[in-house]
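**Q** Pasting a structure below so you can have a look.
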Amino acid sequence: MTPELENLKSKLRGVWTAGDFSQIAKAYTESAAEFVKRLNVGPGTSFLDVACGDGNMAIPAAQLGATVTGMDLAPEMVRQATERAKAAGVEGQFAEGDAEALQYDDNSFDVVASMFGAMFAPRPELVASELLRVCKPGGRIAMANWTPAGFVGQMFKILARYQPQPVGVQPGTLWGVEAHLVSLFGDTASTIRVTRRYFNFRYRSASHFIEVFRAWYGPVLKAFAALPADKAIALEREITALLESMNQGDAGSLVVPSEFLEAVITRA
């Protein structure tokens, strides 16, 4: 890697290892299990969870009988995934790794999956190439990616206005655009199936959401920590306004749907 790229990847690792993503990911547990069920995995399925977090997709896949492997940029997530699998009574091999340089052999897995994870690596062409490389011919790449227009996509647009963005790095939410997936996988896929779905963020209020994300979610934690007090107040106001504008909860509650694109790419 060039020194510039090495520096960028170091900064990204710092973002995603800040806080404790498991405190956020536990809200995704049910959605991840439902996604895995829709993939019809079972005994005999070799399953790789890329950017696995604390195992939200890997563990339900193992519970359905799949042979599971998981990797993540953050060592703490690898540790938590290993402990969660053990507590659930299932087996899984979890290791630290990089979605742009997967440590697995060619044609190793029937299903290569990622939920709100691989989309944040800085070089999408390399990620797509690696996902394809380790997937068996006829196997599937399954991803859940936030869309630019959804709540999370809009929140990242706000964050980008308050902190310098790496030059030449595209927003990760482009993975939630069908045309972008076609540009990445179209030449090497026999089918690309996409479905728009929604995840509901449920908190007591906008201030409760910000409190949780500011404490545990790396990109939000880092953004606030880097800002002087006046800018931090302005950022909080913008996120609060976004949350309140999209809130579908009753009085005294916050329910904010966030659109994501569920994509299943079958390798030719």
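Each chain of the structure tokens is named A, B, ... in the order shown, its residues numbered from 1; ligands are numbered from 1 in display order.
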Output as CSV one row per residue of stretch 147-205 of chain A within 9 Å of stretch 241-261 of chain A: the closest atom pair and its distance in Å to one decimal place, counting only C-alpha atoms, sorted by chain and residue number ascending.

**A**
residue,atom,partner,partner_atom,distance
A:Thr147,CA,A:Phe260,CA,5.2
A:Pro148,CA,A:Glu259,CA,8.7
A:Ala149,CA,A:Glu259,CA,7.5
A:Gly150,CA,A:Glu259,CA,4.6
A:Phe151,CA,A:Ser258,CA,4.7
A:Val152,CA,A:Ser258,CA,6.2
A:Gly153,CA,A:Ser258,CA,8.4
A:Gln154,CA,A:Leu242,CA,8.0
A:Met155,CA,A:Leu242,CA,7.6
A:Trp175,CA,A:Leu261,CA,8.2
A:Gly176,CA,A:Leu261,CA,5.2
A:Val177,CA,A:Leu261,CA,7.5
A:Glu178,CA,A:Leu261,CA,8.0
A:Val194,CA,A:Leu261,CA,6.5
A:Thr195,CA,A:Leu261,CA,5.8
A:Arg196,CA,A:Leu261,CA,4.8
A:Arg197,CA,A:Phe260,CA,5.4
A:Tyr198,CA,A:Glu259,CA,4.5
A:Phe199,CA,A:Ser258,CA,5.2
A:Asn200,CA,A:Pro257,CA,4.2
A:Phe201,CA,A:Val256,CA,5.1
A:Arg202,CA,A:Val255,CA,4.7
A:Tyr203,CA,A:Leu254,CA,5.1
A:Arg204,CA,A:Ser253,CA,4.7
A:Ser205,CA,A:Leu254,CA,5.0

**Q** I want to know what sits within 9 Å of stretch 60-64 of chain A, based on only C-alpha atoms, with residues of the same chain fewer than 6 positions away left out; could you give that as a ChimeraX atom specification?

**A** /A:32-34,36-37,40-43,45,47,85,88-92

**Q** To one decimal in Å, tell me the separation between atom CA of A:His208 and atom CA of A:Thr240.

**A**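 These atoms are spaced 10.1 Å apart.
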
**Q** Please identify which residues in stretch 120-206 of chain A DSSP calls strand (DSSP E or B) from the backbone, and express them as number ranges by chain.

**A** A: 135-146, 189-203

**Q** Write out the residues from the selection above, keeping N, CA and C atoms, as a PDB file, in the first residue's frame.

**A**
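Result file is result-v4.pdb:
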ATOM      1  N   CYS A 135     -16.001 -16.613  -3.453  1.00  0.00           N
ATOM      2  CA  CYS A 135     -17.301 -17.257  -3.660  1.00  0.00           C
ATOM      3  C   CYS A 135     -17.171 -18.343  -4.738  1.00  0.00           C
ATOM      4  N   LYS A 136     -17.789 -19.483  -4.499  1.00  0.00           N
ATOM      5  CA  LYS A 136     -17.754 -20.570  -5.474  1.00  0.00           C
ATOM      6  C   LYS A 136     -18.554 -20.195  -6.723  1.00  0.00           C
ATOM      7  N   PRO A 137     -18.193 -20.695  -7.899  1.00  0.00           N
ATOM      8  CA  PRO A 137     -19.053 -20.516  -9.077  1.00  0.00           C
ATOM      9  C   PRO A 137     -20.459 -21.052  -8.777  1.00  0.00           C
ATOM     10  N   GLY A 138     -21.451 -20.254  -9.076  1.00  0.00           N
ATOM     11  CA  GLY A 138     -22.819 -20.635  -8.742  1.00  0.00           C
ATOM     12  C   GLY A 138     -23.219 -20.279  -7.333  1.00  0.00           C
ATOM     13  N   GLY A 139     -22.259 -19.811  -6.530  1.00  0.00           N
ATOM     14  CA  GLY A 139     -22.555 -19.383  -5.170  1.00  0.00           C
ATOM     15  C   GLY A 139     -23.154 -17.984  -5.151  1.00  0.00           C
ATOM     16  N   ARG A 140     -23.446 -17.503  -3.931  1.00  0.00           N
ATOM     17  CA  ARG A 140     -24.142 -16.228  -3.807  1.00  0.00           C
ATOM     18  C   ARG A 140     -23.390 -15.247  -2.910  1.00  0.00           C
ATOM     19  N   ILE A 141     -23.408 -13.991  -3.327  1.00  0.00           N
ATOM     20  CA  ILE A 141     -22.938 -12.886  -2.493  1.00  0.00           C
ATOM     21  C   ILE A 141     -24.187 -12.168  -2.005  1.00  0.00           C
ATOM     22  N   ALA A 142     -24.367 -12.101  -0.697  1.00  0.00           N
ATOM     23  CA  ALA A 142     -25.582 -11.534  -0.108  1.00  0.00           C
ATOM     24  C   ALA A 142     -25.203 -10.331   0.754  1.00  0.00           C
ATOM     25  N   MET A 143     -25.795  -9.186   0.441  1.00  0.00           N
ATOM     26  CA  MET A 143     -25.433  -7.962   1.156  1.00  0.00           C
ATOM     27  C   MET A 143     -26.670  -7.183   1.566  1.00  0.00           C
ATOM     28  N   ALA A 144     -26.575  -6.547   2.733  1.00  0.00           N
ATOM     29  CA  ALA A 144     -27.546  -5.538   3.141  1.00  0.00           C
ATOM     30  C   ALA A 144     -26.787  -4.228   3.249  1.00  0.00           C
ATOM     31  N   ASN A 145     -27.180  -3.243   2.433  1.00  0.00           N
ATOM     32  CA  ASN A 145     -26.443  -1.984   2.340  1.00  0.00           C
ATOM     33  C   ASN A 145     -27.397  -0.801   2.519  1.00  0.00           C
ATOM     34  N   TRP A 146     -27.043   0.125   3.389  1.00  0.00           N
ATOM     35  CA  TRP A 146     -27.845   1.339   3.553  1.00  0.00           C
ATOM     36  C   TRP A 146     -27.903   2.115   2.234  1.00  0.00           C
ATOM     37  N   ALA A 189     -21.687 -11.852 -12.804  1.00  0.00           N
ATOM     38  CA  ALA A 189     -22.854 -12.410 -12.125  1.00  0.00           C
ATOM     39  C   ALA A 189     -23.835 -12.981 -13.133  1.00  0.00           C
ATOM     40  N   SER A 190     -24.446 -14.101 -12.767  1.00  0.00           N
ATOM     41  CA  SER A 190     -25.514 -14.626 -13.622  1.00  0.00           C
ATOM     42  C   SER A 190     -26.839 -13.948 -13.305  1.00  0.00           C
ATOM     43  N   THR A 191     -27.036 -13.571 -12.033  1.00  0.00           N
ATOM     44  CA  THR A 191     -28.224 -12.805 -11.641  1.00  0.00           C
ATOM     45  C   THR A 191     -27.862 -11.835 -10.527  1.00  0.00           C
ATOM     46  N   ILE A 192     -28.552 -10.702 -10.496  1.00  0.00           N
ATOM     47  CA  ILE A 192     -28.460  -9.744  -9.396  1.00  0.00           C
ATOM     48  C   ILE A 192     -29.895  -9.425  -8.985  1.00  0.00           C
ATOM     49  N   ARG A 193     -30.260  -9.845  -7.790  1.00  0.00           N
ATOM     50  CA  ARG A 193     -31.627  -9.621  -7.285  1.00  0.00           C
ATOM     51  C   ARG A 193     -31.569  -8.643  -6.128  1.00  0.00           C
ATOM     52  N   VAL A 194     -32.343  -7.567  -6.219  1.00  0.00           N
ATOM     53  CA  VAL A 194     -32.341  -6.573  -5.143  1.00  0.00           C
ATOM     54  C   VAL A 194     -33.759  -6.367  -4.622  1.00  0.00           C
ATOM     55  N   THR A 195     -33.850  -6.123  -3.324  1.00  0.00           N
ATOM     56  CA  THR A 195     -35.126  -5.847  -2.661  1.00  0.00           C
ATOM     57  C   THR A 195     -34.916  -4.702  -1.693  1.00  0.00           C
ATOM     58  N   ARG A 196     -35.798  -3.713  -1.749  1.00  0.00           N
ATOM     59  CA  ARG A 196     -35.711  -2.607  -0.788  1.00  0.00           C
ATOM     60  C   ARG A 196     -36.422  -3.005   0.498  1.00  0.00           C
ATOM     61  N   ARG A 197     -35.722  -2.848   1.607  1.00  0.00           N
ATOM     62  CA  ARG A 197     -36.292  -3.179   2.907  1.00  0.00           C
ATOM     63  C   ARG A 197     -36.020  -2.036   3.879  1.00  0.00           C
ATOM     64  N   TYR A 198     -36.617  -2.139   5.069  1.00  0.00           N
ATOM     65  CA  TYR A 198     -36.471  -1.077   6.068  1.00  0.00           C
ATOM     66  C   TYR A 198     -36.129  -1.673   7.430  1.00  0.00           C
ATOM     67  N   PHE A 199     -35.220  -0.995   8.104  1.00  0.00           N
ATOM     68  CA  PHE A 199     -34.939  -1.306   9.498  1.00  0.00           C
ATOM     69  C   PHE A 199     -35.443  -0.145  10.338  1.00  0.00           C
ATOM     70  N   ASN A 200     -36.183  -0.445  11.406  1.00  0.00           N
ATOM     71  CA  ASN A 200     -36.712   0.597  12.278  1.00  0.00           C
ATOM     72  C   ASN A 200     -35.805   0.814  13.483  1.00  0.00           C
ATOM     73  N   PHE A 201     -35.234   2.004  13.572  1.00  0.00           N
ATOM     74  CA  PHE A 201     -34.515   2.403  14.777  1.00  0.00           C
ATOM     75  C   PHE A 201     -35.543   2.801  15.824  1.00  0.00           C
ATOM     76  N   ARG A 202     -35.461   2.193  16.995  1.00  0.00           N
ATOM     77  CA  ARG A 202     -36.440   2.444  18.058  1.00  0.00           C
ATOM     78  C   ARG A 202     -35.721   2.943  19.312  1.00  0.00           C
ATOM     79  N   TYR A 203     -35.998   4.186  19.679  1.00  0.00           N
ATOM     80  CA  TYR A 203     -35.422   4.786  20.874  1.00  0.00           C
ATOM     81  C   TYR A 203     -36.485   5.617  21.581  1.00  0.00           C
TER      82      TYR A 203
END

**Q** Could you give me, as a Markdown table, every stretch 89-167 of chain A residue with an atom at most 12 Å from stretch 214-223 of chain A, plus its closest atom pair and distance in Å to one decimal, counting only C-alpha atoms, rows ordered by chain then number?

**A**
| residue | atom | partner | partner_atom | distance |
| --- | --- | --- | --- | --- |
| A:Phe120 | CA | A:Pro219 | CA | 10.8 |
| A:Val152 | CA | A:Val220 | CA | 11.3 |
| A:Met155 | CA | A:Val220 | CA | 9.3 |
| A:Phe156 | CA | A:Pro219 | CA | 8.6 |
| A:Lys157 | CA | A:Pro219 | CA | 11.8 |
| A:Ile158 | CA | A:Ala223 | CA | 10.3 |
| A:Leu159 | CA | A:Ala223 | CA | 6.8 |
| A:Ala160 | CA | A:Ala223 | CA | 8.9 |
| A:Arg161 | CA | A:Ala223 | CA | 10.2 |
| A:Tyr162 | CA | A:Ala223 | CA | 7.3 |
| A:Gln163 | CA | A:Ala223 | CA | 6.7 |
| A:Pro164 | CA | A:Ala223 | CA | 10.0 |
| A:Gln165 | CA | A:Ala223 | CA | 11.3 |

**Q** Could you take the residues named above and write them with N, CA and C atoms, as a CSV table (one decimal), in the first residue's frame?

**A**
chain,number,residue,atom,x,y,z
A,120,PHE,N,-18.5,-0.2,3.8
A,120,PHE,CA,-17.7,0.9,4.3
A,120,PHE,C,-16.2,0.8,4.0
A,152,VAL,N,-30.0,6.4,7.5
A,152,VAL,CA,-28.6,6.3,7.7
A,152,VAL,C,-27.8,7.0,6.6
A,155,MET,N,-27.9,10.6,7.4
A,155,MET,CA,-27.1,11.0,8.6
A,155,MET,C,-25.6,11.1,8.2
A,156,PHE,N,-25.2,10.2,7.3
A,156,PHE,CA,-23.8,10.2,6.9
A,156,PHE,C,-23.5,11.5,6.1
A,157,LYS,N,-24.5,11.9,5.3
A,157,LYS,CA,-24.3,13.2,4.6
A,157,LYS,C,-24.1,14.4,5.6
A,158,ILE,N,-24.9,14.3,6.7
A,158,ILE,CA,-24.7,15.4,7.7
A,158,ILE,C,-23.3,15.3,8.3
A,159,LEU,N,-22.9,14.1,8.7
A,159,LEU,CA,-21.6,13.9,9.3
A,159,LEU,C,-20.5,14.4,8.3
A,160,ALA,N,-20.7,14.2,7.0
A,160,ALA,CA,-19.6,14.6,6.1
A,160,ALA,C,-19.4,16.1,6.0
A,161,ARG,N,-20.5,16.8,6.3
A,161,ARG,CA,-20.3,18.3,6.3
A,161,ARG,C,-19.5,18.8,7.5
A,162,TYR,N,-19.3,18.0,8.5
A,162,TYR,CA,-18.7,18.5,9.7
A,162,TYR,C,-17.2,17.9,9.8
A,163,GLN,N,-16.8,17.1,8.9
A,163,GLN,CA,-15.5,16.5,9.0
A,163,GLN,C,-14.9,16.3,7.6
A,164,PRO,N,-13.6,16.5,7.5
A,164,PRO,CA,-13.0,16.3,6.2
A,164,PRO,C,-13.2,14.9,5.7
A,165,GLN,N,-13.5,14.7,4.4
A,165,GLN,CA,-13.7,13.4,3.8
A,165,GLN,C,-12.4,13.0,3.0

**Q** Write out as a Markdown table a residue-level contact list of stretch 96-180 of chain A versus stretch 54-57 of chain A with cut-off 10 Å: for each qualifying residue the closest pair of atoms and the distance in Å to one decimal, counting only C-alpha atoms, rows sorted by chain and residue number upward.

**A**
| residue | atom | partner | partner_atom | distance |
| --- | --- | --- | --- | --- |
| A:Ala113 | CA | A:Met57 | CA | 7.9 |
| A:Ser114 | CA | A:Met57 | CA | 7.9 |
| A:Met115 | CA | A:Met57 | CA | 7.5 |

**Q** Can you pull out every residue from stretch 130-229 of chain A that DSSP, working from the backbone, puts in helix (DSSP H, G or I), and format the result as number ranges by chain?

**A** A: 130-134, 151-162, 172-176, 178-188, 206-216, 218-225, 229

**Q** Just C-alpha atoms for this one: save the residues we selected as a CSV table (one decimal), in the first residue's frame.

**A**
chain,number,residue,atom,x,y,z
A,130,GLU,CA,-12.5,-10.2,-3.3
A,131,LEU,CA,-16.1,-11.2,-2.5
A,132,LEU,CA,-16.3,-12.8,-6.0
A,133,ARG,CA,-12.9,-14.5,-5.7
A,134,VAL,CA,-13.8,-16.4,-2.5
A,151,PHE,CA,-32.1,7.7,7.2
A,152,VAL,CA,-28.6,6.3,7.7
A,153,GLY,CA,-27.5,7.6,4.3
A,154,GLN,CA,-28.9,11.1,5.2
A,155,MET,CA,-27.1,11.0,8.6
A,156,PHE,CA,-23.8,10.2,6.9
A,157,LYS,CA,-24.3,13.2,4.6
A,158,ILE,CA,-24.7,15.4,7.7
A,159,LEU,CA,-21.6,13.9,9.3
A,160,ALA,CA,-19.6,14.6,6.1
A,161,ARG,CA,-20.3,18.3,6.3
A,162,TYR,CA,-18.7,18.5,9.7
A,172,GLY,CA,-20.3,3.7,1.3
A,173,THR,CA,-24.0,4.2,0.7
A,174,LEU,CA,-23.4,3.9,-3.0
A,175,TRP,CA,-23.5,0.1,-2.3
A,176,GLY,CA,-27.2,0.7,-1.7
A,178,GLU,CA,-28.7,-1.0,-7.7
A,179,ALA,CA,-26.8,0.6,-10.7
A,180,HIS,CA,-23.6,0.7,-8.6
A,181,LEU,CA,-24.0,-3.0,-7.8
A,182,VAL,CA,-24.4,-3.8,-11.5
A,183,SER,CA,-21.3,-1.8,-12.3
A,184,LEU,CA,-19.4,-3.8,-9.7
A,185,PHE,CA,-20.8,-7.3,-10.3
A,186,GLY,CA,-22.6,-7.2,-13.6
A,187,ASP,CA,-19.8,-8.8,-15.7
A,188,THR,CA,-19.3,-11.7,-13.4
A,206,ALA,CA,-34.0,11.8,19.4
A,207,SER,CA,-31.8,12.8,22.3
A,208,HIS,CA,-31.7,9.1,23.4
A,209,PHE,CA,-30.7,8.0,19.9
A,210,ILE,CA,-27.9,10.6,19.9
A,211,GLU,CA,-26.7,9.6,23.4
A,212,VAL,CA,-26.4,6.0,22.3
A,213,PHE,CA,-24.8,6.6,19.0
A,214,ARG,CA,-22.4,9.3,20.4
A,215,ALA,CA,-21.2,6.8,23.0
A,216,TRP,CA,-21.0,3.6,20.9
A,218,GLY,CA,-17.6,4.9,15.8
A,219,PRO,CA,-18.5,7.4,13.0
A,220,VAL,CA,-20.8,9.4,15.2
A,221,LEU,CA,-18.5,9.2,18.3
A,222,LYS,CA,-15.4,10.3,16.2
A,223,ALA,CA,-17.3,13.1,14.5
A,224,PHE,CA,-18.5,14.7,17.8
A,225,ALA,CA,-15.1,14.1,19.5
A,229,ALA,CA,-18.3,22.8,21.3
